[in-house]
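Visitor: So here's entry.txt, just compact mmCIF, C-alpha atoms:
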# COMPACT_ATOMS: atom_id res chain seq x y z
CA MET Q 11 55.80 104.21 8.99
CA ASN Q 12 57.61 101.38 10.81
CA LEU Q 13 60.08 98.61 9.96
CA LEU Q 14 59.52 94.95 10.80
CA ILE Q 15 62.29 92.46 11.57
CA VAL Q 16 61.51 88.74 11.56
CA LEU Q 17 64.39 86.67 13.01
CA GLN Q 18 64.21 82.98 12.12
CA THR Q 19 66.53 80.67 13.98
CA GLN Q 20 66.54 77.80 11.46
CA ASN Q 21 66.87 77.90 7.70
CA VAL Q 22 64.65 80.81 6.75
CA PRO Q 23 66.59 84.09 7.00
CA PRO Q 24 64.87 87.05 8.72
CA ARG Q 25 63.82 90.12 6.77
CA LEU Q 26 62.81 93.64 7.53
CA GLN Q 27 59.34 94.75 6.44
CA ALA Q 28 57.32 97.85 7.25
CA PRO Q 29 54.04 98.04 9.19
CA HIS Q 30 52.26 101.39 9.22
CA ASN Q 31 50.62 102.17 12.51
CA GLU Q 32 53.08 101.95 15.38
CA HIS Q 33 55.00 104.71 17.07
CA PRO Q 34 58.40 104.73 18.77
CA VAL Q 35 58.89 104.39 22.50
CA ALA Q 36 60.52 107.29 24.25
CA ALA Q 37 64.28 107.11 24.43
CA GLU Q 38 66.25 108.62 27.20
CA PRO Q 39 69.90 108.05 28.02
CA ILE Q 40 70.60 105.40 30.63
CA GLY Q 41 72.08 106.45 34.00
CA PRO Q 42 73.99 109.76 34.23
CA THR Q 43 74.31 110.19 30.47
CA GLU Q 44 72.74 113.23 28.94
CA VAL Q 45 71.85 114.31 25.47
CA THR Q 46 70.22 116.75 23.11
CA ARG Q 47 67.19 114.64 22.35
CA PRO Q 48 63.78 114.48 20.69
CA PRO Q 49 60.54 114.78 22.72
CA LEU Q 50 59.95 111.97 25.20
CA SER Q 51 57.37 110.24 23.04
CA GLU Q 52 59.46 110.14 19.86
CA ALA Q 53 63.11 109.82 20.81
CA VAL Q 54 64.04 106.16 20.22
CA PRO Q 55 62.42 103.48 18.08
CA ALA Q 56 60.57 100.80 19.96
CA ILE Q 57 61.31 97.15 19.47
CA VAL Q 58 58.59 94.59 19.92
CA ILE Q 59 59.67 90.96 20.30
CA ARG Q 60 57.07 88.37 19.38
CA LYS Q 61 57.51 84.79 20.54
CA SER Q 62 55.02 82.15 19.52
CA THR Q 63 52.94 80.74 22.38
CA VAL Q 64 50.87 78.23 20.40
CA ASP Q 65 51.54 75.50 17.86
CA LEU Q 66 51.11 77.13 14.45
CA ASN Q 67 51.73 73.83 12.62
CA LEU Q 68 54.63 75.29 10.72
CA SER Q 69 57.17 73.15 8.95
CA ASP Q 70 60.69 72.91 10.35
CA LYS Q 71 61.91 75.50 7.88
CA GLU Q 72 59.15 77.87 8.82
CA ALA Q 73 59.33 77.42 12.58
CA ALA Q 74 60.74 80.67 13.91
CA GLN Q 75 60.96 83.09 16.73
CA ASN Q 76 59.72 86.45 15.51
CA LEU Q 77 61.21 89.81 16.32
CA THR Q 78 59.29 92.95 15.41
CA LEU Q 79 61.24 96.19 15.26
CA ALA Q 80 59.12 99.32 15.12
CA ILE Q 81 61.06 102.13 13.43
CA PRO Q 82 59.78 105.63 12.61
CA GLN Q 83 60.39 106.77 9.04
CA SER Q 84 60.62 110.48 9.71
CA GLU Q 85 63.12 112.28 11.91
CA PRO Q 86 61.51 113.59 15.11
CA GLU Q 87 61.76 117.19 16.12
CA HIS Q 88 64.11 117.91 18.99
CA ASP Q 89 62.99 119.77 22.06
CA GLY Q 90 66.16 121.80 22.22
CA VAL Q 91 67.21 120.50 25.63
CA THR Q 92 70.98 120.08 25.70
CA GLU Q 93 72.72 118.21 28.43
CA THR Q 94 76.30 117.14 28.89
CA THR Q 95 78.02 114.04 30.15
CA PRO Q 96 81.27 114.01 32.12
CA THR Q 97 84.03 112.33 30.17
CA LYS Q 98 86.38 109.67 31.46
CA SER Q 99 90.09 109.74 30.85
CA LEU Q 100 91.23 106.90 28.63
CA ALA Q 101 94.93 107.63 29.02
CA THR Q 102 97.00 104.47 28.92
CA PRO Q 103 98.45 103.77 32.39
CA ARG Q 104 102.21 103.65 32.69
CA HIS Q 105 103.74 100.31 33.62
CA SER Q 106 107.23 99.53 34.78
CA ARG Q 107 109.05 96.82 32.86
CA ARG Q 108 111.70 96.78 35.61
CA ASN Q 109 109.31 94.92 37.92
CA SER Q 110 107.73 92.72 35.30
CA GLY Q 111 110.69 90.40 34.95
CA GLU Q 112 110.47 90.56 31.15
CA SER Q 113 113.44 91.28 28.94
CA SER Q 114 113.29 93.05 25.61
CA SER Q 115 114.20 89.79 23.89
CA SER Q 116 111.14 87.89 25.12
CA ASN Q 117 108.85 88.86 22.24
CA LEU Q 118 107.56 85.34 21.66
CA SER Q 119 106.53 84.68 25.26
CA ARG Q 120 104.98 88.17 25.49
CA SER Q 121 102.93 87.45 22.39
CA ASP Q 122 101.64 84.18 23.80
CA SER Q 123 100.60 85.75 27.10
CA GLY Q 124 99.12 88.89 25.55
CA GLU Q 125 100.42 90.99 28.49
CA SER Q 126 101.67 94.05 26.60
CA LYS Q 127 100.96 97.43 28.15
CA SER Q 128 98.58 98.49 25.39
CA GLY Q 129 96.91 95.12 24.89
CA HIS Q 130 96.25 94.46 28.57
CA TRP Q 131 94.82 97.95 29.11
CA LEU Q 132 92.61 97.72 26.03
CA LYS Q 133 91.19 94.34 27.06
CA GLU Q 134 90.23 95.81 30.43
CA GLN Q 135 88.60 98.84 28.80
CA LEU Q 136 86.58 96.71 26.37
CA ASP Q 137 85.50 94.45 29.19
CA SER Q 138 84.37 97.32 31.42
CA THR Q 139 82.32 98.99 28.66
CA ARG Q 140 80.44 95.94 27.39
CA LEU Q 141 76.65 95.88 27.87
CA GLU Q 142 74.60 92.76 28.56
CA CYS Q 143 71.56 92.18 26.39
CA PRO Q 144 68.52 92.46 28.73
CA LYS Q 145 66.69 89.54 27.10
CA ARG Q 146 69.68 87.24 26.54
CA ALA Q 147 71.79 86.35 29.57
CA HIS Q 148 75.58 86.22 29.12
CA SER Q 149 75.33 87.91 25.71
CA PHE Q 150 77.06 91.26 25.44
CA ILE Q 151 77.80 94.04 22.99
CA VAL Q 152 80.69 96.47 22.90
CA PRO Q 153 78.96 99.44 21.23
CA LYS Q 154 80.34 100.85 18.00
CA ASP Q 155 81.03 104.26 19.50
CA VAL Q 156 83.08 102.66 22.26
CA GLN Q 157 85.13 100.70 19.74
CA GLU Q 158 85.82 103.85 17.73
CA ARG Q 159 86.86 105.71 20.87
CA LEU Q 160 89.17 103.05 22.28
CA ILE Q 161 90.66 101.50 19.16
CA THR Q 162 92.92 104.06 17.54
CA GLU Q 163 95.88 103.85 15.19
CA SER Q 164 98.33 104.67 17.96
CA THR Q 165 96.90 101.99 20.26
CA ILE Q 166 97.07 99.32 17.56
CA ALA Q 167 100.57 100.31 16.45
CA GLU Q 168 101.85 100.14 20.04
CA ASP Q 169 100.33 96.69 20.51
CA ILE Q 170 101.87 95.45 17.25
CA GLN Q 171 105.36 96.64 18.12
CA ALA Q 172 105.16 95.27 21.66
CA HIS Q 173 104.70 91.75 20.27
CA ASN Q 174 106.54 91.86 16.93
CA GLY Q 175 110.11 92.94 17.38
CA ASP Q 176 110.83 92.61 13.65
CA ILE Q 177 108.15 95.15 12.66
CA GLY Q 178 109.35 98.73 12.51
CA GLU Q 179 107.47 101.85 13.49
CA LYS Q 180 106.38 102.78 9.97
CA GLU Q 181 105.19 99.26 9.11
CA ALA Q 182 103.29 99.03 12.39
CA ALA Q 183 101.65 102.39 11.63
CA ASP Q 184 100.59 101.12 8.19
CA PHE Q 185 98.99 97.99 9.69
CA ALA Q 186 97.28 100.13 12.34
CA LYS Q 187 95.83 102.49 9.74
CA LYS Q 188 94.48 99.61 7.66
CA ALA Q 189 92.99 97.98 10.77
CA CYS Q 190 91.15 101.17 11.75
CA GLN Q 191 89.79 101.57 8.23
CA HIS Q 192 88.79 97.98 7.46
CA ALA Q 193 89.15 95.72 10.52
CA ARG Q 194 88.26 97.55 13.73
CA CYS Q 195 85.81 94.84 14.87
CA LEU Q 196 88.36 92.17 14.03
CA TYR Q 197 91.06 93.92 16.04
CA ALA Q 198 88.66 94.54 18.95
CA THR Q 199 87.96 90.81 19.09
CA LEU Q 200 91.65 89.98 18.98
CA ALA Q 201 92.47 92.55 21.66
CA TYR Q 202 89.78 91.18 23.96
CA ILE Q 203 91.29 87.69 23.83
CA LYS Q 204 94.80 89.19 24.06
CA ARG Q 205 95.88 88.32 20.53
CA GLY Q 206 95.86 91.87 19.16
CA ALA Q 207 99.25 91.66 17.44
CA ASP Q 208 97.93 88.88 15.18
CA ILE Q 209 96.05 91.57 13.26
CA CYS Q 210 99.12 91.84 11.00
CA ALA Q 211 99.00 88.20 9.90
CA LEU Q 212 95.22 88.30 9.43
CA LEU Q 213 95.40 91.45 7.31
CA ASN Q 214 98.14 89.83 5.21
CA GLU Q 215 95.78 86.87 4.79
CA GLY Q 216 93.17 89.29 3.44
CA ILE Q 217 90.76 89.02 6.38
CA THR Q 218 88.85 92.14 7.47
CA ASP Q 219 85.53 93.00 9.11
CA LYS Q 220 83.75 91.97 5.91
CA ASN Q 221 84.68 88.36 6.68
CA LEU Q 222 83.13 88.40 10.15
CA PRO Q 223 81.67 86.43 11.71
CA LEU Q 224 84.05 83.54 11.18
CA VAL Q 225 82.48 80.09 11.25
CA ARG Q 226 83.44 77.43 13.80
CA LYS Q 227 83.12 73.79 12.85
CA PRO Q 228 80.70 72.18 15.33
CA ASN Q 229 81.58 69.18 17.49
CA ASP Q 230 85.30 69.67 16.93
CA ARG Q 231 87.37 70.10 20.10
CA ASN Q 232 90.08 71.88 18.11
CA ALA Q 233 87.53 74.60 17.23
CA PRO Q 234 88.91 75.43 13.75
CA LEU Q 235 87.62 78.69 12.26
CA TYR Q 236 86.63 79.15 8.63
CA LEU Q 237 85.53 81.85 6.25
CA ARG Q 238 81.94 81.57 5.03
CA CYS Q 239 83.28 80.25 1.72
CA GLY Q 240 84.68 77.23 3.59
CA LYS Q 241 88.36 78.23 3.58
CA GLN Q 242 90.14 77.72 6.89
CA VAL Q 243 91.80 80.77 8.47
CA GLN Q 244 95.48 79.85 8.36
CA THR Q 245 96.71 82.41 10.89
CA MET Q 246 94.57 80.81 13.59
CA THR Q 247 95.76 77.24 12.98
CA THR Q 248 98.78 77.91 15.22
CA TRP Q 249 96.60 79.10 18.10
CA LYS Q 250 95.63 76.94 21.05
CA PRO Q 251 92.00 75.79 20.79
CA LYS Q 252 90.96 77.98 23.73
CA TYR Q 253 91.87 81.11 21.76
CA ARG Q 254 89.80 80.01 18.77
CA GLU Q 255 86.85 79.22 21.05
CA ASN Q 256 87.13 82.63 22.71
CA PHE Q 257 87.37 84.36 19.34
CA ASP Q 258 84.21 82.61 18.15
CA ARG Q 259 82.34 83.76 21.25
CA VAL Q 260 83.62 87.35 21.47
CA GLN Q 261 83.33 88.20 17.75
CA TRP Q 262 79.53 88.42 18.17
CA TRP Q 263 79.91 91.09 20.85
CA MET Q 264 81.84 93.31 18.44
CA THR Q 265 79.60 92.82 15.39
CA SER Q 266 76.14 93.69 16.70
CA PRO Q 267 74.23 95.18 13.74
CA VAL Q 268 73.68 98.88 13.07
CA PHE Q 269 70.15 99.37 11.74
CA GLU Q 270 69.43 101.75 8.88
CA GLU Q 271 66.05 102.83 7.62
CA GLY Q 272 64.72 100.86 4.67
CA LYS Q 273 67.36 98.10 4.74
CA HIS Q 274 66.84 94.35 5.10
CA TYR Q 275 68.97 92.24 7.41
CA TYR Q 276 69.72 88.52 7.51
CA LEU Q 277 70.50 87.82 11.16
CA ASP Q 278 72.38 84.76 12.39
CA GLU Q 279 70.84 83.01 15.39
CA LYS Q 280 74.04 83.85 17.32
CA ALA Q 281 73.82 87.56 16.56
CA VAL Q 282 73.57 89.76 19.64
CA LEU Q 283 71.02 92.49 18.95
CA PRO Q 284 71.91 95.95 20.32
CA PHE Q 285 69.08 96.19 22.84
CA ILE Q 286 69.46 98.08 26.11
CA PRO Q 287 67.19 98.17 29.17
CA LEU Q 288 64.13 100.38 29.35
CA ASP Q 289 64.09 103.43 31.59
CA ASP Q 290 62.12 103.36 34.82
CA ASN Q 291 59.26 105.34 33.27
CA GLU Q 292 59.02 102.79 30.47
CA GLU Q 293 58.70 99.70 32.67
CA SER Q 294 54.90 99.86 32.37
CA LEU Q 295 55.36 98.85 28.73
CA GLY Q 296 56.30 95.35 29.86
CA THR Q 297 55.51 91.98 28.36
CA LYS Q 298 52.05 91.60 26.81
CA GLN Q 299 50.28 88.42 25.76
CA GLY Q 300 48.53 88.19 22.43
CA GLY Q 301 46.54 85.51 20.68
CA TYR Q 302 49.60 83.93 19.06
CA SER Q 303 52.55 85.70 20.62
CA GLU Q 304 54.28 87.31 23.57
CA VAL Q 305 55.22 90.93 22.94
CA TYR Q 306 57.62 93.20 24.82
CA PRO Q 307 59.41 96.47 24.00
CA VAL Q 308 63.14 97.19 24.15
CA ARG Q 309 65.36 100.10 23.22
CA ILE Q 310 68.15 100.21 20.60
CA HIS Q 311 71.54 101.52 21.63
CA PRO Q 312 71.93 104.98 20.04
CA ALA Q 313 75.20 103.97 18.32
CA HIS Q 314 73.43 101.08 16.59
CA HIS Q 315 70.84 102.85 14.49
CA LYS Q 316 70.89 105.61 11.88
CA PHE Q 317 67.25 106.61 11.98
CA TRP Q 318 68.30 110.09 13.06
CA LYS Q 319 71.44 111.65 14.43
CA SER Q 320 71.87 110.91 18.12
CA THR Q 321 74.38 112.30 20.59
CA ALA Q 322 73.27 110.04 23.42
CA GLN Q 323 75.82 108.04 25.38
CA VAL Q 324 75.12 104.91 27.38
Now that the file is in, can you turn its structure into structure tokens?
Guide:
Amino acid sequence: MNLLIVLQTQNVPPRLQAPHNEHPVAAEPIGPTEVTRPPLSEAVPAIVIRKSTVDLNLSDKEAAQNLTLAIPQSEPEHDGVTETTPTKSLATPRHSRRNSGESSSSNLSRSDSGESKSGHWLKEQLDSTRLECPKRAHSFIVPKDVQERLITESTIAEDIQAHNGDIGEKEAADFAKKACQHARCLYATLAYIKRGADICALLNEGITDKNLPLVRKPNDRNAPLYLRCGKQVQTMTTWKPKYRENFDRVQWWMTSPVFEEGKHYYLDEKAVLPFIPLDDNEESLGTKQGGYSEVYPVRIHPAHHKFWKSTAQV
């Protein structure tokens, strides 16, 4: 049994439904990654994207671009093949403050530049691990497993203390713990734009991952950001407009959905779906033309579905 996603880019929200007669496309790890995986024909759910090629005479509210996500309902049997992937060291590099020309009293300027040891390193790591959506140029995701691996309590606490001289070690640890529990995507977005230490003010304002994505007012050069209820985010009013613009763009990379069997999803037109390229042996499953649509398969990143337990890395 399969699930169906219909993504509508105007006023009609997409929903997941379930067709009955499709089967998943084989999933294999990309590149040198290796995994204990199901048989080739059942490993990863297939995604079929349908784009209208004729005028269906729909109203403006009904006009939509359709996405079909084929998802198996039962967990496939594994073939027992276990492979391993070399791990990369994520140790924070050591930097010398002697050559940086910064004094310990320059907390304000350091916060504005975002050049703390932890923050600068984390931004580079997030940037190097992002994946570009194969069907949407310049749209990226930073997978959930990568965020969990890179964004730890110690990393957040170090970033906080590097920029906020009046916050002690214990208070920084408390903020870091709360961020890991309730605002990891929020902190990842802040770290990417080098505003990681502002997590404290945003948490005090009551903003967590549940409030993402924030909403940017269109056609406003100041790019103010609001909660979905219409309340402006006060912490960000002191930022330069470029930081708010960058936050609005990057937040979508950190909040790509994680699909679960049997659930319905309302997807914003800006949402970046967690699709990854097909393997070489799957290229023959390319774009097909139908009577009313164009159909092509994609694969879901293993960290972005819970159809079965996956140990794959990409």
Visitor: Using all atoms listed in the file and a cutoff of 9 Å, can you tell me which residues are near (103.7, 93.9, 16.5) in the file's coordinates, and write them out as a ChimeraX atom specification?
Guide: /Q:121,166-178,182,206-210
Visitor: Using only C-alpha atoms, which residue out of Q:Lys180, Q:Arg226, Q:Lys187, Q:Arg254 lies closest to Q:Lys241?
Guide: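 The closest residue to Q:Lys241 is Q:Arg226.
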Visitor: Let me make sure I understand: among Q:Trp262, Q:Tyr197, Q:Tyr276, Q:Trp318, which one has the smallest atom-to-atom distance to Q:Ile151 if we use only C-alpha atoms?
Guide: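 Residue with the minimum atom-to-atom distance to Q:Ile151: Q:Trp262.
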Visitor: Could you check which of Q:Arg205, Q:Ala186, Q:Ala211, Q:Ser266 is closest to Q:Glu279, using all atoms listed in the file?
Guide: Q:Ser266
Visitor: Compare Q:His130, Q:Arg309, Q:Lys316, Q:Lys273 by their minimum atom-to-atom distance to Q:Ala201, counting all atoms listed in the file, and give me the closest one.
Guide: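 Closest candidate: Q:His130.
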Visitor: Can you pull out the residues contacting Q:Phe269? Cut-off 9 Å, using all atoms listed in the file, and skip same-chain residues under 6 positions away; I want them as a list in words.
Guide: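 Neighbouring residues, sequence-local ones excluded: Tyr275, His314, His315, Lys316 and Phe317 of chain Q.
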Visitor: Quick one: pull the distance between atom CA of Q:Leu196 and atom CA of Q:Leu213, Å, one decimal.
Guide: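 One can read the atom CA of Q:Leu196 to atom CA of Q:Leu213 distance as 9.8 Å.
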Visitor: One decimal, in Å: what's the spacing between atom CA of Q:Glu158 and atom CA of Q:Cys190?
Guide: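 Distance between the two atoms: 8.4 Å.
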Visitor: Could N, CA and C atoms be built for stretch 216-231 of chain Q and written out as a compact mmCIF listing (two decimals), in the frame of the given file?
Guide:
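Printed below is selection.txt as written:
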# COMPACT_ATOMS: atom_id res chain seq x y z
N GLY Q 216 94.31 88.69 4.14
CA GLY Q 216 93.17 89.29 3.44
C GLY Q 216 91.88 89.30 4.25
N ILE Q 217 91.96 89.10 5.55
CA ILE Q 217 90.76 89.02 6.38
C ILE Q 217 90.49 90.37 7.04
N THR Q 218 89.27 90.87 6.90
CA THR Q 218 88.85 92.14 7.47
C THR Q 218 87.48 91.96 8.12
N ASP Q 219 86.86 93.07 8.51
CA ASP Q 219 85.53 93.00 9.11
C ASP Q 219 84.49 92.41 8.17
N LYS Q 220 84.71 92.52 6.87
CA LYS Q 220 83.75 91.97 5.91
C LYS Q 220 83.66 90.45 6.01
N ASN Q 221 84.68 89.82 6.56
CA ASN Q 221 84.68 88.36 6.68
C ASN Q 221 84.08 87.87 7.98
N LEU Q 222 83.74 88.78 8.88
CA LEU Q 222 83.13 88.40 10.15
C LEU Q 222 81.63 88.21 9.99
N PRO Q 223 81.03 87.31 10.75
CA PRO Q 223 81.67 86.43 11.71
C PRO Q 223 82.33 85.23 11.04
N LEU Q 224 83.44 84.78 11.63
CA LEU Q 224 84.05 83.54 11.18
C LEU Q 224 83.19 82.37 11.66
N VAL Q 225 83.34 81.24 10.99
CA VAL Q 225 82.48 80.09 11.25
C VAL Q 225 83.30 79.00 11.96
N ARG Q 226 82.77 78.52 13.07
CA ARG Q 226 83.44 77.43 13.80
C ARG Q 226 82.78 76.10 13.45
N LYS Q 227 83.63 75.11 13.16
CA LYS Q 227 83.12 73.79 12.85
C LYS Q 227 82.55 73.16 14.11
N PRO Q 228 81.30 72.73 14.11
CA PRO Q 228 80.70 72.18 15.33
C PRO Q 228 81.28 70.81 15.69
N ASN Q 229 81.18 70.50 16.97
CA ASN Q 229 81.58 69.18 17.49
C ASN Q 229 83.03 68.85 17.17
N ASP Q 230 83.88 69.87 17.16
CA ASP Q 230 85.30 69.67 16.93
C ASP Q 230 86.05 70.33 18.08
N ARG Q 231 86.72 69.57 18.91
CA ARG Q 231 87.37 70.10 20.10
C ARG Q 231 88.51 71.05 19.76
